[in-house]
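As stored in entry22.pdb (PDB, C-alpha atoms):
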ATOM      1  CA  MET V   1      14.423  19.582 -13.381
ATOM      2  CA  GLU V   2      16.749  18.095 -10.769
ATOM      3  CA  THR V   3      15.320  17.251  -7.374
ATOM      4  CA  LYS V   4      17.249  16.739  -4.174
ATOM      5  CA  PRO V   5      17.486  13.118  -3.040
ATOM      6  CA  LYS V   6      15.060  12.355  -0.213
ATOM      7  CA  TYR V   7      17.288  10.002   1.781
ATOM      8  CA  ARG V   8      20.465  10.778   3.694
ATOM      9  CA  MET V   9      23.261   8.987   5.470
ATOM     10  CA  VAL V  10      24.430  11.180   8.340
ATOM     11  CA  VAL V  11      28.013  10.839   9.567
ATOM     12  CA  ILE V  12      28.702  11.775  13.188
ATOM     13  CA  THR V  13      31.989  11.250  15.013
ATOM     14  CA  CYS V  14      32.227  10.932  18.806
ATOM     15  CA  PRO V  15      35.087  10.798  21.290
ATOM     16  CA  SER V  16      33.890   7.578  22.965
ATOM     17  CA  GLN V  17      31.647   4.543  22.703
ATOM     18  CA  LYS V  18      29.599   5.881  25.615
ATOM     19  CA  LYS V  19      28.860   9.179  23.828
ATOM     20  CA  ALA V  20      28.135   7.382  20.540
ATOM     21  CA  THR V  21      25.647   5.114  22.322
ATOM     22  CA  GLN V  22      23.963   8.101  23.987
ATOM     23  CA  ILE V  23      23.581   9.885  20.636
ATOM     24  CA  LYS V  24      22.368   6.697  18.923
ATOM     25  CA  ASP V  25      19.696   6.259  21.603
ATOM     26  CA  LEU V  26      18.544   9.887  21.317
ATOM     27  CA  LEU V  27      18.265   9.715  17.541
ATOM     28  CA  LEU V  28      16.380   6.417  17.525
ATOM     29  CA  HIS V  29      14.013   7.222  20.400
ATOM     30  CA  ASN V  30      13.104  10.548  18.786
ATOM     31  CA  ARG V  31      12.508   8.785  15.438
ATOM     32  CA  LEU V  32      15.006  11.027  13.707
ATOM     33  CA  VAL V  33      16.785   8.053  12.137
ATOM     34  CA  ALA V  34      15.737   4.588  11.015
ATOM     35  CA  CYS V  35      19.083   2.921  11.724
ATOM     36  CA  VAL V  36      22.464   3.748  13.234
ATOM     37  CA  SER V  37      25.624   1.762  12.576
ATOM     38  CA  ILE V  38      28.489   2.331  15.020
ATOM     39  CA  ILE V  39      32.063   1.932  13.812
ATOM     40  CA  LYS V  40      34.716   1.708  16.526
ATOM     41  CA  GLY V  41      38.416   2.448  16.189
ATOM     42  CA  VAL V  42      38.314   5.363  13.733
ATOM     43  CA  ASP V  43      41.576   7.319  13.570
ATOM     44  CA  SER V  44      40.819  10.905  12.538
ATOM     45  CA  PHE V  45      43.381  13.483  11.414
ATOM     46  CA  PHE V  46      42.364  17.114  11.003
ATOM     47  CA  TRP V  47      43.215  20.781  11.240
ATOM     48  CA  TRP V  48      42.290  22.268  14.635
ATOM     49  CA  GLN V  49      43.280  25.681  16.011
ATOM     50  CA  GLY V  50      45.938  26.230  13.370
ATOM     51  CA  LYS V  51      47.701  22.858  13.558
ATOM     52  CA  ILE V  52      47.255  19.268  12.509
ATOM     53  CA  ASP V  53      45.716  17.178  15.278
ATOM     54  CA  SER V  54      44.366  13.655  15.639
ATOM     55  CA  ALA V  55      41.868  11.694  17.697
ATOM     56  CA  SER V  56      40.682   8.150  18.184
ATOM     57  CA  GLU V  57      36.935   8.284  17.578
ATOM     58  CA  VAL V  58      33.761   6.296  17.146
ATOM     59  CA  MET V  59      31.740   6.947  13.986
ATOM     60  CA  LEU V  60      27.981   6.773  13.621
ATOM     61  CA  LEU V  61      26.363   6.212  10.224
ATOM     62  CA  ALA V  62      22.693   7.095  10.526
ATOM     63  CA  LYS V  63      20.093   6.493   7.813
ATOM     64  CA  THR V  64      17.312   9.062   7.585
ATOM     65  CA  THR V  65      15.561  11.555   5.323
ATOM     66  CA  ARG V  66      16.459  15.080   4.290
ATOM     67  CA  ALA V  67      13.472  16.394   6.262
ATOM     68  CA  LYS V  68      14.941  15.161   9.578
ATOM     69  CA  PHE V  69      18.452  16.587   9.176
ATOM     70  CA  LYS V  70      18.005  19.953  10.948
ATOM     71  CA  LYS V  71      16.424  18.205  13.939
ATOM     72  CA  ILE V  72      19.335  15.750  14.000
ATOM     73  CA  ILE V  73      21.816  18.639  14.152
ATOM     74  CA  ALA V  74      19.890  20.234  17.035
ATOM     75  CA  CYS V  75      19.634  16.947  18.942
ATOM     76  CA  VAL V  76      23.307  16.020  18.535
ATOM     77  CA  THR V  77      24.788  19.454  19.266
ATOM     78  CA  GLU V  78      22.832  19.616  22.507
ATOM     79  CA  VAL V  79      24.716  16.629  23.974
ATOM     80  CA  HIS V  80      27.950  16.446  21.954
ATOM     81  CA  PRO V  81      31.122  17.435  23.821
ATOM     82  CA  TYR V  82      33.013  18.822  20.790
ATOM     83  CA  ASP V  83      33.034  22.572  20.090
ATOM     84  CA  VAL V  84      32.454  21.766  16.414
ATOM     85  CA  PRO V  85      30.973  18.273  16.086
ATOM     86  CA  GLU V  86      31.081  16.508  12.745
ATOM     87  CA  ILE V  87      27.483  16.089  11.592
ATOM     88  CA  ILE V  88      27.344  15.801   7.813
ATOM     89  CA  ALA V  89      24.656  14.474   5.517
ATOM     90  CA  VAL V  90      25.522  12.493   2.407
ATOM     91  CA  PRO V  91      22.700  12.139  -0.126
ATOM     92  CA  ILE V  92      21.614   8.610  -0.908
ATOM     93  CA  ILE V  93      21.017   8.834  -4.637
ATOM     94  CA  ASP V  94      19.656   5.312  -4.987
ATOM     95  CA  GLY V  95      19.128   2.164  -2.995
ATOM     96  CA  ASN V  96      17.202  -1.025  -2.493
ATOM     97  CA  ARG V  97      13.571   0.172  -2.777
ATOM     98  CA  PRO V  98      12.290  -2.028   0.070
ATOM     99  CA  TYR V  99      15.070  -0.653   2.337
ATOM    100  CA  LEU V 100      14.238   2.949   1.441
ATOM    101  CA  GLY V 101      10.579   2.223   2.125
ATOM    102  CA  TRP V 102      11.587   0.756   5.483
ATOM    103  CA  ILE V 103      13.350   4.050   6.317
ATOM    104  CA  ASP V 104      10.109   5.907   5.620
ATOM    105  CA  ASP V 105       8.069   3.470   7.726
ATOM    106  CA  SER V 106      10.546   3.623  10.610
ATOM    107  CA  LEU V 107      10.403   7.405  10.849
ATOM    108  CA  LYS V 108       6.625   7.557  11.212
ATOM    109  CA  SER V 109       5.257   8.197  14.658
ATOM    110  CA  PRO V 110       3.624   5.115  16.220
TER     111      PRO V 110
END
What is this structure when it is put down as C-alpha cells?
Amino acid sequence: METKPKYRMVVITCPSQKKATQIKDLLLHNRLVACVSIIKGVDSFFWWQGKIDSASEVMLLAKTTRAKFKKIIACVTEVHPYDVPEIIAVPIIDGNRPYLGWIDDSLKSP
C-alpha cells in the first residue's frame, strides 16, 4: 500500500522582493512552514491570456508538511497580487531524518 509523503516543498513565485518577504513573514509567523528560502532573479516564461509572456520574479521555496498545504494556499492567495499565483507542492520523498524531524518540531504551536 502506497502512502503519500508527509513532507512538501512549496514553490511560490512573486513579482518583487517586498512581496516575497511579506509572504515569507506570513507563512513563518503562522507556523505554516518551517523554513523559506528566497531566490532572487528568476526569469519566468509562460503562457498568459493566449500568448507567451515573461516576468522577472522572486521564488520562495518553503518546507512544510502535506497537512499545512491548504492553509498555505489560503494565506498566500489572500495577499498575492497575481490573478493566478504559482503555489505548488512538491513531495519530499526522503531526506535527512533530523531535518525532517526539525520540520515537525518547527510547525508545532509554542
Output check: residues returned by the PyMOL selection byres ((chain V and resi 105) around 12), as a PDB file with C-alpha atoms, keeping the file's coordinate frame:
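Output (selection10.pdb):
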ATOM      1  CA  ARG V  31      12.508   8.785  15.438  1.00  0.00           C
ATOM      2  CA  LEU V  32      15.006  11.027  13.707  1.00  0.00           C
ATOM      3  CA  VAL V  33      16.785   8.053  12.137  1.00  0.00           C
ATOM      4  CA  ALA V  34      15.737   4.588  11.015  1.00  0.00           C
ATOM      5  CA  CYS V  35      19.083   2.921  11.724  1.00  0.00           C
ATOM      6  CA  THR V  64      17.312   9.062   7.585  1.00  0.00           C
ATOM      7  CA  THR V  65      15.561  11.555   5.323  1.00  0.00           C
ATOM      8  CA  PRO V  98      12.290  -2.028   0.070  1.00  0.00           C
ATOM      9  CA  TYR V  99      15.070  -0.653   2.337  1.00  0.00           C
ATOM     10  CA  LEU V 100      14.238   2.949   1.441  1.00  0.00           C
ATOM     11  CA  GLY V 101      10.579   2.223   2.125  1.00  0.00           C
ATOM     12  CA  TRP V 102      11.587   0.756   5.483  1.00  0.00           C
ATOM     13  CA  ILE V 103      13.350   4.050   6.317  1.00  0.00           C
ATOM     14  CA  ASP V 104      10.109   5.907   5.620  1.00  0.00           C
ATOM     15  CA  SER V 106      10.546   3.623  10.610  1.00  0.00           C
ATOM     16  CA  LEU V 107      10.403   7.405  10.849  1.00  0.00           C
ATOM     17  CA  LYS V 108       6.625   7.557  11.212  1.00  0.00           C
ATOM     18  CA  SER V 109       5.257   8.197  14.658  1.00  0.00           C
ATOM     19  CA  PRO V 110       3.624   5.115  16.220  1.00  0.00           C
TER      20      PRO V 110
END
Students should find that atom CA of V:Ala67 and atom CA of V:Tyr7 are spaced 8.7 Å
Chain and number of each residue from the PyMOL selection byres ((chain V and resi 74-76) around 10), as a PDB file with C-alpha atoms, in the frame of the given file:
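Produced file out_16.pdb, reproduced below:
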ATOM      1  CA  ILE V  12      28.702  11.775  13.188  1.00  0.00           C
ATOM      2  CA  GLN V  22      23.963   8.101  23.987  1.00  0.00           C
ATOM      3  CA  ILE V  23      23.581   9.885  20.636  1.00  0.00           C
ATOM      4  CA  LYS V  24      22.368   6.697  18.923  1.00  0.00           C
ATOM      5  CA  LEU V  26      18.544   9.887  21.317  1.00  0.00           C
ATOM      6  CA  LEU V  27      18.265   9.715  17.541  1.00  0.00           C
ATOM      7  CA  ASN V  30      13.104  10.548  18.786  1.00  0.00           C
ATOM      8  CA  LEU V  32      15.006  11.027  13.707  1.00  0.00           C
ATOM      9  CA  PHE V  69      18.452  16.587   9.176  1.00  0.00           C
ATOM     10  CA  LYS V  70      18.005  19.953  10.948  1.00  0.00           C
ATOM     11  CA  LYS V  71      16.424  18.205  13.939  1.00  0.00           C
ATOM     12  CA  ILE V  72      19.335  15.750  14.000  1.00  0.00           C
ATOM     13  CA  ILE V  73      21.816  18.639  14.152  1.00  0.00           C
ATOM     14  CA  THR V  77      24.788  19.454  19.266  1.00  0.00           C
ATOM     15  CA  GLU V  78      22.832  19.616  22.507  1.00  0.00           C
ATOM     16  CA  VAL V  79      24.716  16.629  23.974  1.00  0.00           C
ATOM     17  CA  HIS V  80      27.950  16.446  21.954  1.00  0.00           C
ATOM     18  CA  PRO V  81      31.122  17.435  23.821  1.00  0.00           C
ATOM     19  CA  PRO V  85      30.973  18.273  16.086  1.00  0.00           C
ATOM     20  CA  GLU V  86      31.081  16.508  12.745  1.00  0.00           C
ATOM     21  CA  ILE V  87      27.483  16.089  11.592  1.00  0.00           C
TER      22      ILE V  87
END
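Of the listed residues V:Asp43, V:Asp94, V:Val36, V:Lys51, the one whose atoms come nearest to V:Ala20 is V:Val36, with distances taken using only C-alpha atoms.
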Enclosing box along x, y and z for every listed atom of stretch 59-68 of chain V, padded 8 Å each side, centre and size in Å, one decimal, as lines of an AutoDock Vina configuration file:
center_x = 22.6
center_y = 11.3
center_z = 9.1
size_x = 34.3
size_y = 26.2
size_z = 25.7
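From atom CA of V:Asp53 back to atom CA of V:Cys14, the distance works out to 15.3 Å.
Each of V:Gly95, V:Phe46, V:Lys40, V:Ser54 was compared to V:Lys18 using only C-alpha atoms, and V:Lys40 turns out to be the nearest.
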